[in-house]
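S.K.: Okay, here's the structure, questions in a sec.
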Amino acid sequence: MHAKYDFDKLVAGKTVYVRPVKTADLPDDLREQVAGQETLYAVHRADGERLALVKDRSLAFVLARQNDLAPVTVH
């Protein structure tokens, strides 16, 4: 890998976590809005607050980076 990475984004408050979320685990009102999707991807702050819920992993990373955040994967 020859691309530069801005490690300054890893400062507290800039790191967000991307993890898969089973649609079945969501509240009923959200589940109705995403009919047909089995898994969505959540973007969370370090304290666990959910910032976003999107349809695929790559979109979660793009969304985070567009907002000057540093996304990492959580299993």
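Going through the structure tokens in order, the chains are called A, B, and so on, while each chain numbers its residues from 1 and the ligands are numbered from 1 in the order shown.
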Fewer than 3 positions away in the same chain doesn't count, so skip those; otherwise give me all residues within 6 Å of Leu69 (chain A), counting only C-alpha atoms, as a compact mmCIF listing (two decimals) with all heavy atoms, in the first residue's frame.
M.R.:
```
# COMPACT_ATOMS: atom_id res chain seq x y z
N LYS A 14 -12.69 11.29 16.54
CA LYS A 14 -12.69 11.17 15.08
C LYS A 14 -12.90 9.74 14.61
O LYS A 14 -13.30 9.50 13.49
CB LYS A 14 -11.38 11.69 14.48
CG LYS A 14 -11.18 13.17 14.63
CD LYS A 14 -11.94 13.91 13.58
CE LYS A 14 -11.57 15.37 13.60
NZ LYS A 14 -12.19 16.08 12.51
N THR A 15 -12.62 8.77 15.47
CA THR A 15 -12.76 7.37 15.09
C THR A 15 -14.21 6.94 15.27
O THR A 15 -14.82 7.21 16.30
CB THR A 15 -11.85 6.47 15.96
OG1 THR A 15 -10.51 6.90 15.79
CG2 THR A 15 -11.96 5.02 15.55
N ALA A 64 -18.68 8.08 6.56
CA ALA A 64 -17.79 8.49 7.66
C ALA A 64 -16.68 9.40 7.15
O ALA A 64 -16.41 10.46 7.72
CB ALA A 64 -17.21 7.26 8.35
N ARG A 65 -16.04 9.00 6.08
CA ARG A 65 -14.92 9.80 5.54
C ARG A 65 -15.38 11.16 5.04
O ARG A 65 -14.66 12.15 5.16
CB ARG A 65 -14.21 9.02 4.44
CG ARG A 65 -13.42 7.85 5.00
CD ARG A 65 -12.68 7.09 3.92
NE ARG A 65 -12.01 5.95 4.50
CZ ARG A 65 -12.14 4.70 4.06
NH1 ARG A 65 -12.90 4.43 3.02
NH2 ARG A 65 -11.49 3.71 4.63
```
S.K.: Can you tell me, as a list in words, what residues are no more than 12 Å from Ser58 (chain A) when counting only C-alpha atoms, ignoring any on the same chain fewer than 6 positions away?
M.R.: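 Final neighbour list, sorted by chain and number: Val18, Arg19, Pro20, Leu40, Tyr41, Ala42, Val43, Ala64, Arg65, Pro71, Val72 and Thr73 of chain A.
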S.K.: Write the residues you've just listed into a file as a compact mmCIF listing (two decimals), in the first residue's frame, and include N, CA, C and O atoms for each of them.
M.R.:
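Here's the written file result.txt:
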```txt
# COMPACT_ATOMS: atom_id res chain seq x y z
N VAL A 18 -17.76 0.76 12.35
CA VAL A 18 -18.75 0.25 11.41
C VAL A 18 -18.98 -1.22 11.73
O VAL A 18 -18.03 -2.00 11.82
N ARG A 19 -20.26 -1.57 11.91
CA ARG A 19 -20.56 -2.97 12.21
C ARG A 19 -21.86 -3.37 11.54
O ARG A 19 -22.76 -2.55 11.34
N PRO A 20 -21.96 -4.65 11.18
CA PRO A 20 -23.21 -5.14 10.59
C PRO A 20 -24.30 -5.24 11.65
O PRO A 20 -24.03 -5.51 12.82
N LEU A 40 -27.91 -4.50 7.60
CA LEU A 40 -27.56 -3.12 7.35
C LEU A 40 -26.24 -2.86 8.07
O LEU A 40 -25.75 -3.73 8.80
N TYR A 41 -25.67 -1.68 7.90
CA TYR A 41 -24.40 -1.35 8.55
C TYR A 41 -24.58 -0.07 9.35
O TYR A 41 -25.10 0.92 8.85
N ALA A 42 -24.16 -0.14 10.60
CA ALA A 42 -24.28 0.99 11.51
C ALA A 42 -22.92 1.65 11.69
O ALA A 42 -21.90 0.98 11.74
N VAL A 43 -22.95 2.98 11.81
CA VAL A 43 -21.77 3.76 12.13
C VAL A 43 -21.98 4.27 13.56
O VAL A 43 -22.99 4.92 13.84
N ALA A 64 -18.68 8.08 6.56
CA ALA A 64 -17.79 8.49 7.66
C ALA A 64 -16.68 9.40 7.15
O ALA A 64 -16.41 10.46 7.72
N ARG A 65 -16.04 9.00 6.08
CA ARG A 65 -14.92 9.80 5.54
C ARG A 65 -15.38 11.16 5.04
O ARG A 65 -14.66 12.15 5.16
N PRO A 71 -13.23 5.71 9.91
CA PRO A 71 -13.97 4.48 10.19
C PRO A 71 -13.08 3.26 10.36
O PRO A 71 -12.06 3.12 9.68
N VAL A 72 -13.47 2.39 11.30
CA VAL A 72 -12.82 1.10 11.47
C VAL A 72 -13.93 0.06 11.63
O VAL A 72 -15.04 0.36 12.05
N THR A 73 -13.60 -1.18 11.30
CA THR A 73 -14.57 -2.27 11.36
C THR A 73 -14.60 -2.88 12.76
O THR A 73 -13.57 -3.07 13.39
```
S.K.: Just list as a ChimeraX atom specification whatever in chain A DSSP marks as helix (DSSP H, G or I).
M.R.: /A:7-10,23-25,28-33,57-66
S.K.: Report as a list in words: the residues of chain A with a DSSP assignment of strand (DSSP E), based on the backbone of this structure.
M.R.: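 Of chain A, the ones in strand (DSSP E) are Thr15, Val16, Tyr17, Val18, Arg19, Pro20, Val21, Lys22, Thr39, Leu40, Tyr41, Ala42, Val43, His44, Arg50, Leu51, Ala52, Leu53, Val54, Ala70, Pro71, Val72 and Thr73 of chain A.
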S.K.: Which residue out of A:Thr39, A:Ala70, A:Lys22, A:Pro27 has the minimum interatomic distance to Asp56 (chain A) when only C-alpha atoms are used?
M.R.: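 Of A:Thr39, A:Ala70, A:Lys22, A:Pro27, the one nearest Asp56 (chain A) is A:Thr39, counting only C-alpha atoms.
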S.K.: Between CA of Leu59 (chain A) and CA of Thr23 (chain A), what is the spacing in Å?
M.R.: 16.8 Å
